[in-house]
Every structure is written in C-alpha cells, then in structure tokens.
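Printed here is protein01.txt (compact mmCIF, C-alpha atoms):
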```txt
# COMPACT_ATOMS: atom_id res chain seq x y z
CA MET P 1 92.09 84.93 69.75
CA GLU P 2 89.72 86.01 72.55
CA LEU P 3 90.29 87.68 75.89
CA HIS P 4 88.30 86.94 79.06
CA PHE P 5 88.67 88.94 82.23
CA TYR P 6 87.36 87.58 85.53
CA PRO P 7 87.48 90.56 87.91
CA GLY P 8 86.47 88.42 90.90
CA GLN P 9 89.59 86.30 90.36
CA ASN P 10 91.95 89.02 89.11
CA LEU P 11 92.46 86.77 86.13
CA LEU P 12 92.87 87.47 82.44
CA VAL P 13 92.68 84.48 80.11
CA VAL P 14 93.75 84.42 76.46
CA LEU P 15 91.88 81.82 74.41
CA LYS P 16 92.80 80.53 70.99
CA SER P 17 90.27 78.23 69.31
CA ASN P 18 88.50 78.13 72.70
CA LYS P 19 91.62 76.79 74.42
CA PRO P 20 93.59 78.80 76.97
CA VAL P 21 97.01 79.78 75.66
CA ALA P 22 97.99 82.18 78.43
CA LYS P 23 96.77 83.41 81.82
CA PHE P 24 97.79 86.62 83.54
CA GLU P 25 97.15 88.35 86.84
CA ALA P 26 95.15 91.53 86.16
CA MET P 27 93.23 93.79 88.50
CA GLY P 28 90.10 95.77 87.68
CA GLY P 29 87.99 98.17 89.72
CA PRO P 30 86.28 97.19 92.97
CA GLU P 31 82.99 95.28 92.88
CA LYS P 32 81.09 98.26 94.30
CA ILE P 33 81.42 102.01 93.70
CA GLY P 34 84.23 103.35 95.89
CA GLU P 35 84.69 106.54 97.87
CA ASP P 36 87.61 108.30 96.22
CA PRO P 37 86.48 111.96 96.35
CA ARG P 38 88.47 112.86 93.23
CA MET P 39 86.88 110.14 91.11
CA ALA P 40 84.92 107.32 92.66
CA GLU P 41 86.26 103.88 91.86
CA GLU P 42 83.82 101.86 89.79
CA PRO P 43 83.54 98.19 88.83
CA THR P 44 85.00 97.13 85.52
CA TRP P 45 81.73 96.88 83.69
CA PRO P 46 80.82 93.33 82.56
CA GLY P 47 80.06 92.94 78.87
CA LYS P 48 81.40 91.94 75.50
CA TYR P 49 83.76 94.39 73.80
CA ILE P 50 86.16 94.71 70.88
CA ILE P 51 89.81 95.80 71.15
CA GLU P 52 90.29 98.94 69.05
CA LYS P 53 93.81 100.23 69.52
CA VAL P 54 96.98 100.53 71.57
CA GLU P 55 98.17 104.07 72.30
CA ALA P 56 100.33 106.22 74.53
CA TYR P 57 97.36 107.73 76.32
CA ARG P 58 97.13 111.41 77.26
CA THR P 59 94.37 113.21 79.08
CA PRO P 60 94.02 116.71 80.56
CA THR P 61 91.94 115.16 83.37
CA TRP P 62 95.02 114.14 85.35
CA ARG P 63 98.01 116.48 85.54
CA TYR P 64 100.74 113.88 85.09
CA SER P 65 98.86 112.35 82.17
CA LYS P 66 98.92 115.54 80.13
CA LEU P 67 102.26 114.32 78.81
CA ALA P 68 102.61 111.05 76.93
CA TRP P 69 104.93 108.51 78.52
CA GLY P 70 108.34 108.80 76.92
CA THR P 71 108.12 112.50 76.02
CA LYS P 72 111.65 113.88 76.01
CA LEU P 73 112.61 116.09 78.96
CA LYS P 74 115.43 118.55 79.41
CA PRO P 75 116.40 120.19 82.68
CA THR P 76 116.68 123.95 82.45
CA PRO P 77 119.84 124.82 84.37
CA GLY P 78 119.30 127.85 86.49
CA LYS P 79 115.54 127.61 86.42
CA THR P 80 112.89 125.91 88.46
CA ASP P 81 111.32 124.58 85.29
CA VAL P 82 111.71 121.56 83.02
CA TRP P 83 111.45 121.60 79.24
CA TYR P 84 109.42 118.93 77.44
CA GLN P 85 109.61 118.26 73.74
CA LEU P 86 106.63 119.26 71.64
CA LYS P 87 105.56 117.38 68.50
CA SER P 88 107.14 120.15 66.44
CA GLY P 89 110.51 119.40 68.04
CA LYS P 90 110.44 122.68 69.97
CA TRP P 91 110.48 122.72 73.77
CA GLY P 92 107.63 123.71 76.09
CA SER P 93 107.60 124.70 79.75
CA LEU P 94 106.38 122.07 82.20
CA ASN P 95 105.65 124.82 84.75
CA GLN P 96 103.25 126.33 82.23
CA LEU P 97 101.67 123.02 81.23
CA PHE P 98 101.10 121.97 84.83
CA GLY P 99 100.33 125.37 86.40
CA LEU P 100 103.16 124.86 88.90
CA ASN P 101 106.07 127.04 89.91
CA ASP P 102 108.82 124.49 90.44
CA THR P 103 108.44 121.41 88.28
CA GLN P 104 112.19 120.78 88.54
CA SER P 105 111.79 119.89 92.23
CA LEU P 106 108.59 118.00 91.49
CA VAL P 107 110.07 115.82 88.73
CA LYS P 108 113.16 115.11 90.80
CA SER P 109 111.00 114.04 93.74
CA LEU P 110 108.81 111.81 91.51
CA ASN P 111 111.94 110.21 90.06
CA LYS P 112 113.33 109.72 93.56
CA GLN P 113 110.05 108.23 94.76
CA TYR P 114 109.79 105.72 91.91
CA TYR P 115 113.36 105.13 90.73
CA GLY P 116 115.49 106.31 93.67
CA LYS P 117 117.22 108.99 91.57
CA SER P 118 116.94 112.67 92.44
CA GLU P 119 117.50 113.89 88.89
CA ILE P 120 115.48 114.83 85.85
CA PRO P 121 114.95 111.66 83.78
CA ALA P 122 115.55 111.83 80.03
CA THR P 123 111.87 111.09 79.34
CA TRP P 124 108.51 111.44 81.10
CA LEU P 125 107.85 108.34 83.24
CA PHE P 126 104.88 109.45 85.30
CA ASN P 127 101.79 109.28 83.09
CA ASP P 128 99.12 107.62 85.26
CA PHE P 129 98.31 105.20 82.43
CA GLY P 130 101.84 103.96 81.78
CA PRO P 131 103.52 103.82 78.37
CA LEU P 132 100.61 102.16 76.56
CA ALA P 133 96.87 101.92 77.04
CA ILE P 134 94.81 99.28 75.28
CA ARG P 135 91.45 100.72 74.32
CA TRP P 136 88.16 98.89 73.68
CA PHE P 137 84.58 99.69 72.71
CA LYS P 138 81.14 98.12 72.92
CA ASP P 139 79.97 97.13 69.47
CA ILE P 140 76.37 98.30 69.81
CA ASN P 141 75.36 97.76 66.18
CA GLY P 142 77.27 94.49 65.88
CA ASN P 143 79.18 95.34 62.72
CA GLY P 144 82.60 94.80 64.30
CA ILE P 145 83.89 98.32 63.80
CA LEU P 146 83.86 101.48 65.89
CA ASP P 147 81.22 103.62 64.22
CA GLY P 148 77.87 105.37 64.69
CA LYS P 149 77.25 106.25 68.30
CA GLU P 150 79.91 103.89 69.60
CA THR P 151 82.78 105.40 71.56
CA LEU P 152 85.96 104.12 73.13
CA SER P 153 85.42 103.05 76.70
CA GLY P 154 86.96 105.20 79.45
CA GLN P 155 88.03 101.91 80.99
CA MET P 156 91.16 100.40 79.42
CA PHE P 157 94.06 98.04 80.02
CA HIS P 158 97.12 99.84 81.31
CA THR P 159 100.07 99.63 83.67
CA THR P 160 100.88 102.17 86.41
CA PRO P 161 104.00 104.32 86.90
CA GLU P 162 104.61 102.49 90.15
CA ASN P 163 104.50 99.03 88.52
CA GLU P 164 106.70 100.24 85.63
CA ALA P 165 109.26 101.47 88.16
CA GLU P 166 109.07 98.24 90.14
CA LYS P 167 109.81 96.30 86.97
CA GLU P 168 112.64 98.64 85.97
CA THR P 169 114.29 98.54 89.40
CA GLY P 170 113.94 94.78 89.74
CA ASN P 171 111.42 94.91 92.58
CA PRO P 172 108.34 92.70 92.86
CA VAL P 173 105.45 94.11 90.82
CA ARG P 174 102.32 94.36 92.95
CA LEU P 175 99.00 95.23 91.32
CA VAL P 176 96.39 97.37 93.07
CA HIS P 177 92.70 97.94 92.35
CA SER P 178 91.97 100.51 89.67
CA HIS P 179 89.24 103.11 89.26
CA GLY P 180 87.61 100.77 86.70
CA CYS P 181 90.41 100.12 84.25
CA ILE P 182 92.29 96.83 84.18
CA HIS P 183 95.80 97.01 85.61
CA LEU P 184 98.38 94.75 84.00
CA LYS P 185 101.97 94.01 84.93
CA PRO P 186 104.42 95.58 82.45
CA ASN P 187 106.00 92.26 81.41
CA ASP P 188 102.55 90.70 80.92
CA ARG P 189 101.46 93.62 78.76
CA ASP P 190 104.57 93.14 76.62
CA ARG P 191 103.95 89.42 76.33
CA MET P 192 100.31 89.95 75.35
CA MET P 193 101.42 92.44 72.73
CA ALA P 194 103.95 89.93 71.42
CA ILE P 195 101.39 87.14 71.02
CA GLY P 196 98.93 89.49 69.32
CA ALA P 197 96.34 89.45 72.09
CA PHE P 198 95.63 93.19 71.65
CA LYS P 199 95.25 93.08 67.90
CA LYS P 200 92.51 95.36 66.60
CA GLY P 201 89.20 93.46 66.41
CA THR P 202 90.01 90.97 69.19
CA ILE P 203 86.87 90.01 71.12
CA PHE P 204 87.15 90.77 74.82
CA THR P 205 84.70 89.77 77.54
CA VAL P 206 84.54 91.21 81.05
CA HIS P 207 82.77 88.65 83.20
CA LYS P 208 80.66 89.42 86.25
CA TYR P 209 82.45 89.59 89.59
CA HIS P 210 80.92 86.35 90.84
CA GLU P 211 81.79 84.41 87.69
CA ARG P 212 84.75 82.03 87.92
CA TYR P 213 86.96 80.64 85.20
CA MET D 1 109.42 167.31 72.32
CA ASN D 2 106.34 166.95 74.48
CA ALA D 3 106.36 163.22 73.75
CA ILE D 4 109.99 162.91 74.91
CA LYS D 5 109.18 164.91 78.05
CA PHE D 6 106.24 162.57 78.74
CA ILE D 7 108.45 159.47 78.32
CA LEU D 8 111.11 160.91 80.66
CA ILE D 9 108.50 161.76 83.30
CA THR D 10 106.99 158.29 82.92
CA MET D 11 110.43 156.64 83.25
CA ALA D 12 111.13 158.68 86.37
CA PHE D 13 107.79 157.59 87.85
CA VAL D 14 108.35 153.91 87.00
CA CYS D 15 111.81 154.06 88.59
CA ALA D 16 110.43 155.70 91.71
CA ALA D 17 107.88 152.94 92.00
CA SER D 18 110.09 149.97 91.25
CA CYS D 19 113.63 151.13 91.97
CA SER D 20 112.98 152.28 95.51
CA ALA D 21 115.41 151.24 98.27
CA GLY D 22 115.06 147.62 99.27
CA GLU D 23 113.71 146.27 96.02
CA ILE D 24 114.82 142.73 95.19
CA HIS D 25 113.78 140.18 92.62
CA PHE D 26 115.42 137.22 90.93
CA GLY D 27 115.92 135.85 87.47
CA ASP D 28 117.27 132.66 85.93
CA TYR D 29 120.65 131.08 86.64
CA GLY D 30 120.80 132.41 90.20
CA ARG D 31 120.78 136.05 89.15
CA VAL D 32 119.51 138.55 91.72
CA TYR D 33 118.50 142.15 91.06
CA ILE D 34 118.77 144.56 93.98
CA ASN D 35 117.52 148.06 93.29
CA GLY D 36 117.90 147.33 89.59
CA LYS D 37 121.52 146.13 89.78
CA GLU D 38 122.40 142.55 88.87
CA TYR D 39 124.28 140.22 91.22
CA ARG D 40 125.33 136.56 90.96
CA SER D 41 124.14 134.61 93.98
CA GLY D 42 126.18 131.50 93.20
CA LEU D 43 122.97 129.47 93.35
CA THR D 44 121.86 127.29 90.45
CA ALA D 45 118.21 128.20 90.93
CA ILE D 46 116.39 130.60 93.21
CA TYR D 47 113.00 129.94 94.82
CA SER D 48 112.42 133.13 96.76
CA ALA D 49 113.92 136.59 97.36
CA PHE D 50 113.13 139.02 100.15
CA SER D 51 114.33 142.37 101.42
CA PHE D 52 114.27 142.94 105.15
CA SER D 53 115.59 146.01 106.98
CA ASP D 54 117.89 146.91 104.09
CA ARG D 55 119.22 143.36 103.97
CA PHE D 56 118.68 141.10 100.97
CA PHE D 57 117.98 137.37 101.21
CA VAL D 58 117.45 134.62 98.66
CA SER D 59 116.77 130.90 98.95
CA GLY D 60 117.69 128.32 96.38
CA LEU D 61 119.78 125.35 95.48
CA ILE D 62 123.17 124.48 94.11
CA ASP D 63 123.07 121.51 91.76
CA LYS D 64 126.43 119.74 91.67
CA LYS D 65 126.36 116.80 89.27
CA GLY D 66 122.80 115.87 90.15
CA SER D 67 123.17 116.37 93.89
CA ASP D 68 121.11 119.27 95.22
CA SER D 69 122.22 121.36 98.22
CA TYR D 70 119.85 123.98 99.59
CA PHE D 71 120.82 127.39 100.95
CA ILE D 72 119.64 130.71 102.28
CA LYS D 73 121.99 133.46 101.17
CA GLU D 74 122.31 137.10 102.12
CA ILE D 75 123.67 139.29 99.35
CA ASN D 76 125.61 142.44 100.20
CA PRO D 77 124.71 144.99 97.54
CA GLU D 78 127.81 147.06 98.37
CA ASN D 79 130.27 144.53 96.97
CA GLY D 80 128.15 141.57 95.84
CA SER D 81 129.58 139.26 98.51
CA SER D 82 127.27 136.80 100.21
CA VAL D 83 126.80 134.86 103.44
CA SER D 84 125.38 131.33 103.18
CA TRP D 85 123.32 129.22 105.54
CA PRO D 86 123.08 125.59 104.34
CA GLN D 87 119.58 124.12 104.67
CA GLU D 88 118.38 120.53 104.99
CA ASN D 89 115.72 121.05 102.35
CA LYS D 90 114.05 123.62 100.15
CA VAL D 91 113.21 127.03 101.64
CA SER D 92 110.27 128.15 99.59
CA GLN D 93 109.20 131.38 101.27
CA PHE D 94 110.26 134.31 103.46
CA TYR D 95 108.05 136.63 105.44
CA GLU D 96 108.39 139.43 107.96
CA LEU D 97 106.50 139.65 111.22
CA GLU D 98 106.98 142.16 114.05
CA ASN D 99 110.35 143.22 112.69
CA LYS D 100 111.70 139.69 112.49
CA LEU D 101 112.50 137.66 109.38
CA TYR D 102 111.13 134.16 108.94
CA ALA D 103 111.78 131.40 106.37
CA VAL D 104 109.46 128.52 105.53
CA ARG D 105 111.10 125.17 104.82
CA ASP D 106 109.28 122.53 102.77
CA GLU D 107 109.76 119.91 105.43
CA ARG D 108 107.69 121.03 108.39
CA GLU D 109 109.55 124.07 109.71
CA ILE D 110 109.38 127.81 110.10
CA LEU D 111 112.79 129.31 110.91
CA LYS D 112 113.51 132.70 112.50
CA LEU D 113 116.61 134.81 111.93
CA GLU D 114 118.01 135.52 115.37
CA ASP D 115 121.54 136.88 115.97
CA ASN D 116 122.37 136.03 112.37
CA GLN D 117 121.42 132.38 112.83
CA TRP D 118 118.36 130.58 111.55
CA ILE D 119 116.65 128.89 114.47
CA LEU D 120 113.56 126.70 114.58
CA GLU D 121 110.54 128.83 115.40
CA LYS D 122 107.66 126.47 114.79
CA GLU D 123 106.84 123.07 113.32
CA ILE D 124 104.22 123.09 110.60
CA LYS D 125 102.86 120.68 108.02
CA PRO D 126 105.15 119.64 105.17
CA ARG D 127 104.76 121.53 101.86
CA SER D 128 103.12 124.49 103.63
CA TYR D 129 102.60 127.84 101.98
CA VAL D 130 102.06 130.53 104.62
CA ILE D 131 99.23 132.83 103.67
CA GLN D 132 99.07 134.82 106.91
CA PRO D 133 101.75 134.69 109.61
CA LYS D 134 99.63 135.82 112.57
CA PRO D 135 97.39 134.15 113.36
CA LEU D 136 99.11 131.54 111.19
CA ILE D 137 97.07 130.37 108.20
CA ALA D 138 98.64 128.08 105.62
CA CYS D 139 97.79 125.62 102.87
CA THR D 140 99.73 122.54 101.84
CA TRP D 141 99.82 121.48 98.22
CA GLY D 142 98.96 118.04 96.89
CA GLN D 143 99.37 116.05 93.72
CA ASP D 144 96.55 115.34 91.30
CA THR D 145 97.34 111.75 90.44
CA LEU D 146 94.97 108.93 89.60
CA ASP D 147 96.52 106.84 92.35
CA SER D 148 94.98 108.21 95.53
CA ARG D 149 97.93 106.93 97.60
CA HIS D 150 100.18 109.58 96.07
CA ARG D 151 98.00 112.69 96.38
CA LEU D 152 99.62 113.94 99.61
CA ASP D 153 96.27 114.95 101.16
CA PRO D 154 96.40 118.74 100.75
CA VAL D 155 94.75 120.90 103.43
CA CYS D 156 94.38 124.49 104.53
CA TYR D 157 94.83 124.97 108.25
CA SER D 158 95.38 127.35 111.09
CA PRO D 159 97.17 125.97 114.16
CA ASP D 160 96.53 129.30 115.92
CA LEU D 161 92.80 129.40 115.20
CA GLY D 162 92.31 125.65 115.52
CA TRP D 163 90.85 124.66 112.18
CA GLN D 164 91.81 122.41 109.30
CA LYS D 165 90.00 121.62 106.09
CA ASP D 166 90.70 119.33 103.12
CA VAL D 167 91.33 121.69 100.21
CA PHE D 168 92.56 120.24 96.94
CA TRP D 169 95.16 122.88 96.10
CA THR D 170 97.67 121.54 93.59
CA SER D 171 98.61 124.51 91.41
CA THR D 172 101.47 126.10 93.29
CA ALA D 173 101.84 128.80 90.63
CA VAL D 174 98.49 130.24 91.79
CA GLU D 175 98.91 130.94 95.47
CA PRO D 176 96.04 131.07 97.97
CA GLN D 177 95.39 134.54 99.33
CA ILE D 178 93.30 136.39 101.85
CA CYS D 179 91.55 139.29 100.19
CA HIS D 180 88.83 141.49 101.71
CA GLY D 181 88.56 139.12 104.68
CA GLN D 182 88.09 136.00 102.56
CA LEU D 183 90.51 133.12 102.04
CA LYS D 184 90.54 132.16 98.37
CA VAL D 185 92.15 129.00 97.00
CA LEU D 186 92.17 127.64 93.46
CA VAL D 187 91.02 124.02 93.66
CA SER D 188 90.11 121.34 91.17
CA TYR D 189 87.54 118.58 91.13
CA HIS D 190 86.52 115.81 88.78
CA ARG D 191 83.02 115.44 87.42
CA GLN D 192 81.91 113.12 84.65
CA HIS D 193 85.52 112.18 83.89
CA ALA D 194 86.53 115.79 83.30
CA LEU D 195 88.62 118.17 85.38
CA HIS D 196 87.02 121.41 86.58
CA TRP D 197 88.49 124.42 88.40
CA GLU D 198 87.01 126.81 90.92
CA ILE D 199 88.01 129.29 93.59
CA LEU D 200 87.04 127.99 97.00
CA VAL D 201 86.11 130.91 99.25
CA MET D 202 86.51 130.36 102.98
CA ASN D 203 86.25 132.26 106.23
CA PRO D 204 89.87 132.57 107.42
CA GLU D 205 88.76 132.79 111.05
CA SER D 206 86.95 129.46 111.08
CA GLY D 207 87.89 127.67 107.87
CA GLU D 208 84.20 127.47 106.99
CA GLU D 209 83.31 127.39 103.34
CA ILE D 210 81.55 130.54 102.08
CA GLY D 211 81.17 129.63 98.42
CA HIS D 212 82.69 128.64 95.11
CA ILE D 213 83.52 130.68 92.04
CA PRO D 214 83.96 128.90 88.70
CA ALA D 215 87.45 129.51 87.34
CA SER D 216 89.55 128.77 84.31
CA GLU D 217 92.52 126.43 84.17
CA PRO D 218 95.46 127.71 86.21
CA MET D 219 97.79 130.02 84.36
CA LEU D 220 100.98 131.71 85.47
CA GLY D 221 100.05 135.16 86.79
CA MET D 222 96.50 134.18 87.72
CA ASP D 223 95.33 136.04 90.84
CA VAL D 224 92.60 134.52 92.97
CA CYS D 225 91.72 137.97 94.35
CA ASN D 226 90.38 138.91 90.94
CA TYR D 227 87.52 136.47 91.45
CA GLU D 228 84.48 137.65 93.42
CA LEU D 229 81.48 135.76 94.69
CA GLU D 230 78.26 136.81 93.02
CA LYS D 231 76.19 138.98 95.35
```

Could you express the structure from this file as structure tokens?
Amino acid sequence: MELHFYPGQNLLVVLKSNKPVAKFEAMGGPEKIGEDPRMAEEPTWPGKYIIEKVEAYRTPTWRYSKLAWGTKLKPTPGKTDVWYQLKSGKWGSLNQLFGLNDTQSLVKSLNKQYYGKSEIPATWLFNDFGPLAIRWFKDINGNGILDGKETLSGQMFHTTPENEAEKETGNPVRLVHSHGCIHLKPNDRDRMMAIGAFKKGTIFTVHKYHERY
Amino acid sequence: MNAIKFILITMAFVCAASCSAGEIHFGDYGRVYINGKEYRSGLTAIYSAFSFSDRFFVSGLIDKKGSDSYFIKEINPENGSSVSWPQENKVSQFYELENKLYAVRDEREILKLEDNQWILEKEIKPRSYVIQPKPLIACTWGQDTLDSRHRLDPVCYSPDLGWQKDVFWTSTAVEPQICHGQLKVLVSYHRQHALHWEILVMNPESGEEIGHIPASEPMLGMDVCNYELEK
C-alpha cells in the first residue's frame, strides 16, 4: 500500500499495487509561508517519507496539547480547578499544568464551544492534534527504518478538536488549512486505519503543490 | 522558656499582621474566612473576595446539576448571613477607587456598588483583568491554541490613555502588574517549534515596549515584579 498526497488538490490517494483503492479529502499547509505570529504556517513539504507510528500526540508547545486526548477528567466540586488522571492513576491539577487560575470555567467554555454542553467532559477532548496523530519520517539512508540522524517529522496527519466535535454532534465536517500538517476528517482517519493505510513502513509521498493526480 | 516566649511573640505578630480588621480570603467549597473565622457563602466556588469599608464581598458560582449561576454575595460576619446579587456572568475581580467598590465582569462590564445595587459603570473588553483603575489599564487573556481562530486576540489597553497593544497573555494565574512605573506581563512566543516565556515590560502611560526579560514557565505564585530588566 502507498499513500500520495496532492496538497494543491486537497487530495489523499491510497494505492494498492499501483491502483487507487481509496481517495480522501485532506488539507495541508498553505503553498507559501503564512503570517501567523505564533507559528507561521508552512507548506507541507514535498518528498518521499515512511509512516512510522500512530500515537495520541502530546506536546508542551501548545497548552491544550499538554494532555493526551482521552485523558480522564474529574471536576473538583467547590474549586475552580479540574483534576486530570496521571499515568500512575493519581490525579493532577489542570490549573497547575496550564498555569491558569480557573480551568473549570475554561473547560466548560471549551466544551460549550465545541459540543454545546457547559459541563466538564469525562475525558480531555481539546488536544490540538485530535485523538491520534500519524507520524512519518524521511528515510535519509534508505534502509527503511527510523535510525541514525533521521527524526520524526513535525508535520503529521491529524484531525482537529473542531472536526472531531463536528463529527460527534452530527454537523458537516469542514477542513481548514493547517500549519504544515495534513488535516483529515475523523471518519476518514478511522477508515484509513481500518484498511491498514497507516501501517508502519507504508511509503508516503507528498507531491508538489502544482502536481495533479 | 525563652523559646516559648519567642513563639508567643511571633504568633502575636503574625496575628496582628494577618488578623487585622477587614481581612478576608477564601478557600475551597465556597468557604470564606473573615478575620480568621470561617463562614459558608453558599457558593459552589469562589473567584474573588474583597473587604471594603468593613463590608465583605465574594464573587462565585452555584453549580446546580451542571447549570452555573453567578453571584456577588456580601457576608455579614456578625451572624454569617448573606445578601446575594445574581450576575449574568462571572465576576472575576473587585477593586476600590475613591471610596467606591467596583466589580469586573468577564463579559465587557465594570459595575459600581451604588445604594446597595450594582450598576453599570463602564463597558470594557471581554475577559479583562484590571491592573490599574485610574487611569484604567487592563489586559485581556487569550488562548494558546494551534488554531489561530480560537486564540481570542489578547491585548493590553488603556481606554483612558488611548493605547492598545497585542500582548499574548494567556496564563491567568500570573497576573500582569505595574511595579516601579513599569507594566509587566508574562507572555509566550513560539520559536523553532518550541514555546518560550518572557516578561514583556511596557510603559503604562503609552503602552510602548521597554524590553523583555526571559522567564520560566508560569507557576502558581509567580510574581512578575520579581523580574527586573538588566541595567
């Protein structure tokens, strides 16, 4: 199986024995460097890559992505804080993790914004990278494995909290340009997972913006 | 014996400093402490507490089966009774100016207590934190999300002095302050796919940037006034 992304067409094609078996709408970064002052949007870099893994991505770079999607939450009655479950099974303070003084209001307002419910959800639903990120790398030495000076790309396939909520609430899922990653619709991600399109070792090509399928 | 005497003197000093008339603070579960004595406010959570002319005010919410109602309450320390003023949204801050009490609501309003009623004093930006009441200087907080549409465009501004500046303040636990004539705000920025923190130092009169001081990640109890520009 091979994956081909045509950023100029917002198109992701899955090939099996050189024949297309599935096509999906997918949206990468803009063709030219953008002007977001927090982190400039960049093109999804053309090249040939290898799929390495699927993970619930976490990063300290973005506040809401410090917690993995699906981390258990517990409202703290009588406090302006929310507890989140640590790997050990103990509970940590979201106020402390985020450097905020009222995460209870914040989480309620995020839940209201995305799901229309002004309550603390049972799990964290606001990681910027969605429940799962599909990671790839450039195989510089051509041996097919992630080794030597090769590193996982900062660009990855993922969904967004907004699109996950749209799916969950039965609203139309509308993709937007990314900062360089490739945005997928939640149902399409699930389907690609089901057909094994993100299996470790899958060859993945990002075509140039002017290239057409 | 001397040690016991020292402890007693120390305790007396601590009490004089923190148990003076008009002292109020709050704890969890709507508990309020006025001059060291505990009271139940009836609120589920408290955001702010303030003593004003021997009167004691708190703001907070009552959570009834997932539905939040917001209130300002005045607690009578004589008998623990309270007077409530329902609010449309969260009151995050109180302050005193020229012998009047003011409350800052999250959604665009400063209220003034007049004849025991809260009346609209001034419209401000949503999510404002008032740093200085006169001339008014405030900052609004934003959200650090990857999706730029949801960042809420945080600014510091002074409607009285006529300036406004984009300032990426997101850590509400570390409040902006004016110290020694400088406005200091903890801000974050991204460089090479990593998050960095610094104290932005500004002239409160004009909003002009004076400098930056590298800072650590925000922590509860962090005080921006402890950071000084290098001479």

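Atom pair CA of Leu183 in chain D / CA of Leu100 in chain P has a distance of 20.0 Å (rounded to one decimal).
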
>> At a cut-off of 10 Å around the point (115.0, 146.5, 102.2) (file coordinates), what residues fall inside when counting all atoms listed in the file? I'd like the answer as a list in words.
In response: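 Selection result: Ser20, Ala21, Gly22, Glu23, Ile24, Ile34, Asn35, Phe50, Ser51, Phe52, Ser53, Asp54, Arg55, Phe56 and Phe57 of chain D.
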
> Residues at most 9 Å from Val173 in chain P, counting only C-alpha atoms, excluding those fewer than 3 positions away in the same chain, as a list in words?
Replying inline: Glu162, Asn163, Glu164, Ala165, Glu166, Lys167, Gly170, Lys185 and Pro186 of chain P

Deliver the residues from the most recent selection as a file, using C-alpha atoms, as a PDB file, in the coordinates of the input.
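Once written, result-v8.pdb looks like this:
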```pdb
ATOM      1  CA  GLU P 162     104.610 102.490  90.150  1.00  0.00           C
ATOM      2  CA  ASN P 163     104.500  99.030  88.520  1.00  0.00           C
ATOM      3  CA  GLU P 164     106.700 100.240  85.630  1.00  0.00           C
ATOM      4  CA  ALA P 165     109.260 101.470  88.160  1.00  0.00           C
ATOM      5  CA  GLU P 166     109.070  98.240  90.140  1.00  0.00           C
ATOM      6  CA  LYS P 167     109.810  96.300  86.970  1.00  0.00           C
ATOM      7  CA  GLY P 170     113.940  94.780  89.740  1.00  0.00           C
ATOM      8  CA  LYS P 185     101.970  94.010  84.930  1.00  0.00           C
ATOM      9  CA  PRO P 186     104.420  95.580  82.450  1.00  0.00           C
TER      10      PRO P 186
END
```

>> Contacts from chain P to chain D, 6 Å maximum, all atoms listed in the file: show me the residue list as a PyMOL selection string.
In response: chain P and resi 38+61+78-79+99-101+119

> Which is closest to His212 in chain D among D:Gln182, D:Gln132, D:Ser84, D:Asn79, if we use only C-alpha atoms?
Replying inline: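 Once distances to His212 in chain D are computed over only C-alpha atoms, the minimum belongs to D:Gln182.
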
> What is the distance, in Å and to one decimal place, between CA of Ser216 in chain D and CA of Val187 in chain D?
Replying inline: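 Computing it gives 10.6 Å between the two atoms.
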
>> With all atoms listed in the file as the counted atoms, please give the residues lying no more than 8 Å from range 92-98 of chain P, apart from itself and same-chain residues fewer than 4 positions off, as JSON, numbers by chain.
In response: {"P": [63, 81, 82, 83, 84, 85, 86, 102, 103], "D": [171, 219, 220]}

> Which neighbours of range 120-124 of chain D fall inside 7 Å, counting all atoms listed in the file, when residues of the same chain fewer than 6 positions from it are skipped, and could you give them as a ChimeraX atom specification?
Replying inline: /D:108-112

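Every protein, DNA or RNA residue with an atom at most 7 Å from Gln93 in chain D, where only C-alpha atoms count and chain neighbours fewer than 6 positions away do not, is listed here: Ser48, Ala103 and Val104 of chain D.
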
Generate the missing atoms of range 96-111 of chain D up to N, CA and C atoms and report them as a JSON list (two decimals), keeping the file's coordinate frame.
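Listing of part-v2.json after writing:
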```json
[["chain", "number", "residue", "atom", "x", "y", "z"],
["D", 96, "GLU", "N", 107.99, 138.57, 106.85],
["D", 96, "GLU", "CA", 108.39, 139.43, 107.96],
["D", 96, "GLU", "C", 107.23, 139.54, 108.94],
["D", 97, "LEU", "N", 107.54, 139.47, 110.21],
["D", 97, "LEU", "CA", 106.50, 139.65, 111.22],
["D", 97, "LEU", "C", 107.13, 140.31, 112.44],
["D", 98, "GLU", "N", 106.53, 141.42, 112.87],
["D", 98, "GLU", "CA", 106.98, 142.16, 114.05],
["D", 98, "GLU", "C", 108.50, 142.38, 114.03],
["D", 99, "ASN", "N", 108.94, 142.87, 112.88],
["D", 99, "ASN", "CA", 110.35, 143.22, 112.69],
["D", 99, "ASN", "C", 111.33, 142.06, 112.81],
["D", 100, "LYS", "N", 110.83, 140.87, 112.54],
["D", 100, "LYS", "CA", 111.70, 139.69, 112.49],
["D", 100, "LYS", "C", 111.52, 139.02, 111.13],
["D", 101, "LEU", "N", 112.58, 138.35, 110.67],
["D", 101, "LEU", "CA", 112.50, 137.66, 109.38],
["D", 101, "LEU", "C", 112.33, 136.15, 109.61],
["D", 102, "TYR", "N", 111.42, 135.58, 108.84],
["D", 102, "TYR", "CA", 111.13, 134.16, 108.94],
["D", 102, "TYR", "C", 111.31, 133.49, 107.57],
["D", 103, "ALA", "N", 111.65, 132.19, 107.60],
["D", 103, "ALA", "CA", 111.78, 131.40, 106.37],
["D", 103, "ALA", "C", 110.98, 130.12, 106.54],
["D", 104, "VAL", "N", 110.30, 129.72, 105.47],
["D", 104, "VAL", "CA", 109.46, 128.52, 105.53],
["D", 104, "VAL", "C", 110.16, 127.40, 104.76],
["D", 105, "ARG", "N", 110.46, 126.32, 105.47],
["D", 105, "ARG", "CA", 111.10, 125.17, 104.82],
["D", 105, "ARG", "C", 110.03, 124.16, 104.42],
["D", 106, "ASP", "N", 110.26, 123.48, 103.29],
["D", 106, "ASP", "CA", 109.28, 122.53, 102.77],
["D", 106, "ASP", "C", 108.96, 121.41, 103.75],
["D", 107, "GLU", "N", 109.96, 121.04, 104.52],
["D", 107, "GLU", "CA", 109.76, 119.91, 105.43],
["D", 107, "GLU", "C", 109.46, 120.39, 106.85],
["D", 108, "ARG", "N", 108.26, 120.87, 107.05],
["D", 108, "ARG", "CA", 107.69, 121.03, 108.39],
["D", 108, "ARG", "C", 108.20, 122.17, 109.27],
["D", 109, "GLU", "N", 108.98, 123.12, 108.76],
["D", 109, "GLU", "CA", 109.55, 124.07, 109.71],
["D", 109, "GLU", "C", 109.44, 125.53, 109.28],
["D", 110, "ILE", "N", 109.19, 126.38, 110.28],
["D", 110, "ILE", "CA", 109.38, 127.81, 110.10],
["D", 110, "ILE", "C", 110.62, 128.19, 110.91],
["D", 111, "LEU", "N", 111.54, 128.89, 110.25],
["D", 111, "LEU", "CA", 112.79, 129.31, 110.91],
["D", 111, "LEU", "C", 112.74, 130.81, 111.15]]
```
